[in-house]
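Shown next: final17.txt, given as compact mmCIF, C-alpha atoms.
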# COMPACT_ATOMS: atom_id res chain seq x y z
CA MET A 20 52.25 139.33 88.32
CA SER A 21 55.75 140.85 88.36
CA GLY A 22 56.84 138.14 90.77
CA MET A 23 55.56 135.49 88.36
CA ILE A 24 57.47 137.06 85.49
CA ARG A 25 60.70 137.25 87.50
CA ALA A 26 60.33 133.68 88.67
CA GLN A 27 59.79 132.31 85.17
CA ALA A 28 62.60 134.45 83.76
CA ARG A 29 64.94 132.89 86.32
CA ARG A 30 63.74 129.40 85.42
CA ILE A 31 64.28 130.08 81.72
CA GLY A 32 67.71 131.55 82.33
CA LEU A 33 69.36 134.77 81.24
CA GLY A 34 71.40 132.99 78.57
CA LEU A 35 68.35 131.62 76.79
CA LEU A 36 66.47 134.91 77.01
CA ALA A 37 69.44 136.85 75.70
CA ALA A 38 70.21 134.43 72.85
CA PRO A 39 67.84 135.97 70.23
CA ALA A 40 69.16 139.47 70.91
CA VAL A 41 72.77 138.27 70.65
CA CYS A 42 71.93 136.41 67.45
CA GLY A 43 70.23 139.48 65.98
CA ILE A 44 73.25 141.66 66.73
CA ALA A 45 75.57 139.02 65.28
CA VAL A 46 73.60 138.92 62.02
CA ALA A 47 73.70 142.71 61.75
CA VAL A 48 77.46 142.80 62.39
CA ALA A 49 78.08 140.00 59.89
CA GLY A 50 76.03 141.79 57.24
CA ILE A 51 77.92 145.03 57.75
CA MET A 52 81.30 143.26 57.62
CA VAL A 53 80.39 141.33 54.47
CA SER A 54 79.18 144.50 52.74
CA GLY A 55 82.71 145.87 52.88
CA VAL A 56 84.10 142.90 50.97
CA TRP A 57 81.38 141.50 48.71
CA SER A 58 79.00 143.06 46.20
CA ARG A 59 75.62 144.37 47.24
CA THR A 60 73.82 141.41 45.65
CA GLN A 61 76.03 138.92 47.48
CA THR A 62 75.62 140.82 50.74
CA LEU A 63 71.83 140.84 50.48
CA THR A 64 71.82 137.09 49.82
CA VAL A 65 74.01 136.44 52.86
CA VAL A 66 71.89 138.71 55.06
CA ASN A 67 68.73 136.98 53.90
CA TRP A 68 69.98 133.54 54.95
CA LEU A 69 71.56 134.73 58.18
CA ALA A 70 68.24 136.37 59.09
CA GLN A 71 66.57 132.99 58.64
CA LEU A 72 69.02 131.50 61.14
CA MET A 73 68.02 134.17 63.64
CA VAL A 74 64.34 133.26 63.18
CA ILE A 75 64.87 129.54 63.70
CA GLY A 76 67.15 130.29 66.64
CA SER A 77 64.45 132.31 68.37
CA GLY A 78 61.94 129.52 67.72
CA VAL A 79 64.20 126.93 69.28
CA CYS A 80 64.60 129.20 72.32
CA VAL A 81 60.81 129.19 72.70
CA ALA A 82 60.74 125.40 72.42
CA VAL A 83 63.46 124.95 75.03
CA ALA A 84 61.85 127.43 77.43
CA LEU A 85 58.48 125.67 77.21
CA THR A 86 59.69 122.08 77.44
CA GLY A 87 63.25 122.10 78.76
CA ASP A 88 62.31 122.38 82.43
CA PRO A 89 61.12 119.14 84.10
CA LEU A 90 59.13 121.24 86.58
CA VAL A 91 56.96 122.91 83.94
CA GLU A 92 54.26 120.24 83.81
CA ALA A 93 54.28 119.90 87.61
CA SER A 94 52.98 123.46 87.87
CA GLU A 95 49.47 122.14 87.13
CA SER A 96 49.33 120.80 90.70
CA THR A 97 50.03 124.28 92.13
CA PRO A 98 47.72 127.34 92.40
CA VAL A 99 49.72 128.96 89.58
CA GLY A 100 48.69 126.41 86.96
CA TRP A 101 50.38 125.15 83.83
CA ARG A 102 48.54 127.58 81.53
CA ARG A 103 49.87 130.61 83.34
CA VAL A 104 53.41 129.25 83.50
CA GLU A 105 53.56 128.31 79.83
CA THR A 106 51.92 131.54 78.68
CA THR A 107 54.34 133.63 80.73
CA ARG A 108 57.30 131.74 79.34
CA PHE A 109 56.00 132.10 75.80
CA VAL A 110 55.51 135.84 76.18
CA LEU A 111 59.00 136.28 77.66
CA THR A 112 60.72 134.35 74.89
CA ALA A 113 58.56 135.92 72.17
CA VAL A 114 59.45 139.41 73.38
CA SER A 115 63.11 138.37 73.44
CA GLY A 116 62.81 137.17 69.84
CA LEU A 117 61.14 140.43 68.79
CA VAL A 118 63.95 142.44 70.38
CA GLY A 119 66.47 140.32 68.50
CA ALA A 120 64.63 140.89 65.22
CA VAL A 121 64.61 144.67 65.76
CA LEU A 122 68.32 144.73 66.67
CA MET A 123 69.03 142.76 63.52
CA PHE A 124 66.84 144.76 61.15
CA ALA A 125 67.43 148.35 62.29
CA PRO A 126 71.15 148.78 61.45
CA LEU A 127 70.89 146.79 58.22
CA HIS A 128 67.89 148.87 57.13
CA VAL A 129 69.63 152.16 57.93
CA LEU A 130 72.67 151.07 55.89
CA GLY A 131 70.54 149.82 52.99
CA LEU A 132 71.54 146.20 53.50
CA TRP A 133 68.14 144.63 54.14
CA PRO A 134 66.78 142.41 51.32
CA GLN A 135 63.65 143.70 49.55
CA ASP A 136 63.60 146.73 51.81
CA LEU A 137 60.33 148.68 51.73
CA GLY A 138 61.26 151.05 54.53
CA TRP A 139 60.55 150.55 58.22
CA ALA A 140 57.43 148.63 57.26
CA SER A 141 59.78 145.79 56.29
CA LEU A 142 60.35 145.21 59.99
CA ILE A 143 57.16 143.12 59.89
CA ALA A 144 59.06 140.46 57.92
CA PRO A 145 61.50 139.35 60.65
CA THR A 146 59.27 140.18 63.61
CA GLY A 147 56.30 138.43 62.04
CA ALA A 148 58.39 135.36 61.25
CA VAL A 149 59.65 135.24 64.83
CA LEU A 150 56.08 135.38 66.14
CA VAL A 151 54.76 132.73 63.74
CA VAL A 152 57.58 130.29 64.44
CA GLY A 153 57.39 130.93 68.18
CA THR A 154 53.64 130.40 68.17
CA ALA A 155 54.18 127.03 66.50
CA GLY A 156 56.36 126.11 69.46
CA PHE A 157 53.75 127.34 71.92
CA ALA A 158 50.99 125.30 70.29
CA ALA A 159 53.15 122.18 69.97
CA ALA A 160 54.26 122.40 73.59
CA ALA A 161 50.64 122.77 74.73
CA TRP A 162 49.60 119.78 72.65
CA SER A 163 52.44 117.37 73.42
CA ALA A 164 54.59 118.71 76.28
CA SER A 165 57.40 117.04 74.34
CA ALA A 166 60.66 118.80 73.58
CA GLN A 167 61.21 116.73 70.45
CA ALA A 168 57.74 117.35 69.02
CA THR A 169 57.94 121.05 69.85
CA VAL A 170 61.32 121.52 68.15
CA MET A 171 60.09 119.57 65.12
CA ALA A 172 57.04 121.84 64.86
CA VAL A 173 59.23 124.94 65.07
CA VAL A 174 61.57 123.66 62.37
CA ALA A 175 58.68 122.60 60.11
CA VAL A 176 56.98 126.01 60.28
CA TRP A 177 60.29 127.80 59.78
CA MET A 178 61.06 125.71 56.69
CA PHE A 179 57.59 126.38 55.31
CA LEU A 180 58.04 130.14 55.69
CA ALA A 181 61.63 130.25 54.42
CA LEU A 182 61.35 127.82 51.50
CA LEU A 183 57.71 127.70 50.40
CA TRP A 184 55.94 130.86 51.55
CA ASP A 185 58.20 133.92 51.57
CA PRO A 186 59.90 133.29 48.19
CA TYR A 187 56.55 133.12 46.38
CA VAL A 188 54.19 135.36 48.37
CA LEU A 189 55.72 138.76 47.72
CA ASP A 190 52.89 141.04 48.79
CA PRO A 191 54.01 142.19 52.26
CA VAL A 192 50.49 142.26 53.69
CA ALA A 193 49.68 138.71 52.60
CA GLN A 194 53.20 137.48 53.29
CA ARG A 195 52.90 138.12 56.99
CA GLY A 196 49.19 138.80 57.47
CA ILE A 197 48.04 135.28 56.61
CA PRO A 198 50.63 133.44 58.75
CA LEU A 199 49.99 135.81 61.65
CA ALA A 200 46.24 135.15 61.38
CA ALA A 201 47.01 131.43 61.57
CA ALA A 202 49.25 132.14 64.56
CA VAL A 203 46.38 133.83 66.39
CA ILE A 204 44.26 130.72 65.86
CA ALA A 205 47.12 128.54 67.11
CA ILE A 206 47.41 130.66 70.25
CA GLY A 207 43.69 130.19 70.89
CA VAL A 208 43.99 126.42 70.49
CA ALA A 209 47.04 126.32 72.77
CA TRP A 210 45.27 128.44 75.40
CA ARG A 211 42.33 126.04 75.40
CA LEU A 212 44.57 122.97 75.66
CA LEU A 213 46.52 124.45 78.54
CA GLY A 214 43.26 125.04 80.39
CA ASP A 215 42.34 121.34 80.35
CA GLU A 216 43.49 120.35 83.83
CA GLU A 217 42.78 116.64 83.49
CA ARG A 218 44.77 116.45 80.29
CA ASN A 219 47.61 118.47 81.77
CA VAL A 220 47.85 116.19 84.80
CA THR A 221 48.05 113.20 82.47
CA LEU A 222 50.89 114.83 80.55
CA ALA A 223 52.66 115.69 83.79
CA ARG A 224 52.44 112.09 85.03
CA ARG A 225 53.69 110.84 81.69
CA GLY A 226 56.74 113.08 82.00
CA ILE A 227 57.67 111.89 85.49
Can the structure from this file be put into C-alpha cells for me?
Amino acid sequence: MSGMIRAQARRIGLGLLAAPAVCGIAVAVAGIMVSGVWSRTQTLTVVNWLAQLMVIGSGVCVAVALTGDPLVEASESTPVGWRRVETTRFVLTAVSGLVGAVLMFAPLHVLGLWPQDLGWASLIAPTGAVLVVGTAGFAAAAWSASAQATVMAVVAVWMFLALLWDPYVLDPVAQRGIPLAAAVIAIGVAWRLLGDEERNVTLARRGI
C-alpha cells in the first residue's frame, strides 16, 4: 500500500501536492499583512475572498491529479485497477487540501482575523469546503474521465458554495453538514462507477 501511495504521489508531482499548502500559507500571510494597513472589517472581507481562492485552488488540484495524466485510464488494464489509482490520488490531494486549509485558518484564527469566527469549530468551514469541492472533482472524473468536465464540476460546486449557500445558510452545522452529506453520496457513486471495468475500458480507449 505504501508503495502505491509513493508511486501515485510521484505521478501527481510534488508541486501539485504542495500547491494547496502554499496557497493556504499565502492567504494567511496576506491577511496578516492587510490587517496592519486596513480596518478590521476590510481585512475580514479580504480574508473571506482569499480563502475562497484557496478552496477553488485545491479543487483544481484534485481535478488535475485525477485527469491530467494520460496513463490514469490505462491503469484499468493492470492488476492495480483504475478505481485504486483514482481513489489514492483523490485521498492524496484531499489531504493536501485539508493541510492547506488548516495552515490558512490557524494563524488567522489565533490573531482574530477569521470571518465569522466561532472558535476552533470554525475550521470546519474551510476544511469542509475543500472536501466538498474536491469530492465534486472525484465524482466528475469518475463519470467522465475528462479534464474539462471535471474542472467545470469543481468550479460549479465552488460557486454554489461561495455565492448561493454559505452567504445564506449561517447555521454552522447545516452550512457544512448538508454539503458533506451530499459529498459522501457522491463518493459512493464515484466508487461504484470506478468499479465498472467495462465502462472504464471504454473511457480509456476513448482517451487514447
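For the residues A:Thr86, A:Ser58, A:Ser163, A:Ser115, ranking by smallest atom-to-atom distance to Arg30 (chain A) using only C-alpha atoms places A:Thr86 first.
The nearest approach to Ser21 (chain A) among the residues A:Thr107, A:Leu212, A:Val114, A:Ala164, with all atoms listed in the file taken into account, belongs to A:Thr107.
A straight line drawn from CA of Ala70 (chain A) to CA of Ala28 (chain A) is 25.4 Å long.
Residues lying within 10 Å of Ala205 (chain A), counting all atoms listed in the file and ignoring same-chain neighbours fewer than 3 positions away, are Val151, Thr154, Ala155, Gly156, Phe157, Ala158, Ala159, Leu199, Ala200, Ala201, Ala202, Val208, Ala209, Trp210 and Arg211 of chain A.
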Just to be explicit: take each residue in the selection above, keep C-alpha atoms, and write the result as a PDB file, in the frame of the given file.
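Written out: result20.pdb:
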ATOM      1  CA  VAL A 151      54.760 132.730  63.740  1.00  0.00           C
ATOM      2  CA  THR A 154      53.640 130.400  68.170  1.00  0.00           C
ATOM      3  CA  ALA A 155      54.180 127.030  66.500  1.00  0.00           C
ATOM      4  CA  GLY A 156      56.360 126.110  69.460  1.00  0.00           C
ATOM      5  CA  PHE A 157      53.750 127.340  71.920  1.00  0.00           C
ATOM      6  CA  ALA A 158      50.990 125.300  70.290  1.00  0.00           C
ATOM      7  CA  ALA A 159      53.150 122.180  69.970  1.00  0.00           C
ATOM      8  CA  LEU A 199      49.990 135.810  61.650  1.00  0.00           C
ATOM      9  CA  ALA A 200      46.240 135.150  61.380  1.00  0.00           C
ATOM     10  CA  ALA A 201      47.010 131.430  61.570  1.00  0.00           C
ATOM     11  CA  ALA A 202      49.250 132.140  64.560  1.00  0.00           C
ATOM     12  CA  VAL A 208      43.990 126.420  70.490  1.00  0.00           C
ATOM     13  CA  ALA A 209      47.040 126.320  72.770  1.00  0.00           C
ATOM     14  CA  TRP A 210      45.270 128.440  75.400  1.00  0.00           C
ATOM     15  CA  ARG A 211      42.330 126.040  75.400  1.00  0.00           C
TER      16      ARG A 211
END
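Between CA of Val129 (chain A) and CA of Leu180 (chain A) there is a distance of 25.0 Å.
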Using only C-alpha atoms, can you tell me which of A:Ala144, A:Leu132, A:Leu85, A:Leu127 comes closest to Thr64 (chain A)? A:Leu132
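Taking CA of Leu130 (chain A) and CA of Ile51 (chain A) as the two end points, the separation is 8.2 Å.
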If you count all atoms listed in the file, which residues fall within 9 Å of Gly50 (chain A), apart from same-chain ones fewer than 6 positions away, as a PyMOL selection string? chain A and resi 62-63+65-66+69+127+132-133
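Shortest separation to Ser141 (chain A) among A:Met171, A:Ala125, A:Ile24, A:Ile206 occurs at residue A:Ala125, atoms counted being all atoms listed in the file.
Minimum distance to Leu150 (chain A) across A:Gln135, A:Gln194, A:Gln167, A:Ser77 (counting all atoms listed in the file) occurs at A:Ser77.
Nearest-residue note for Ala175 (chain A): choosing from A:Leu122, A:Met23, A:Val104, A:Ile75, the minimum distance belongs to A:Ile75, counting all atoms listed in the file.
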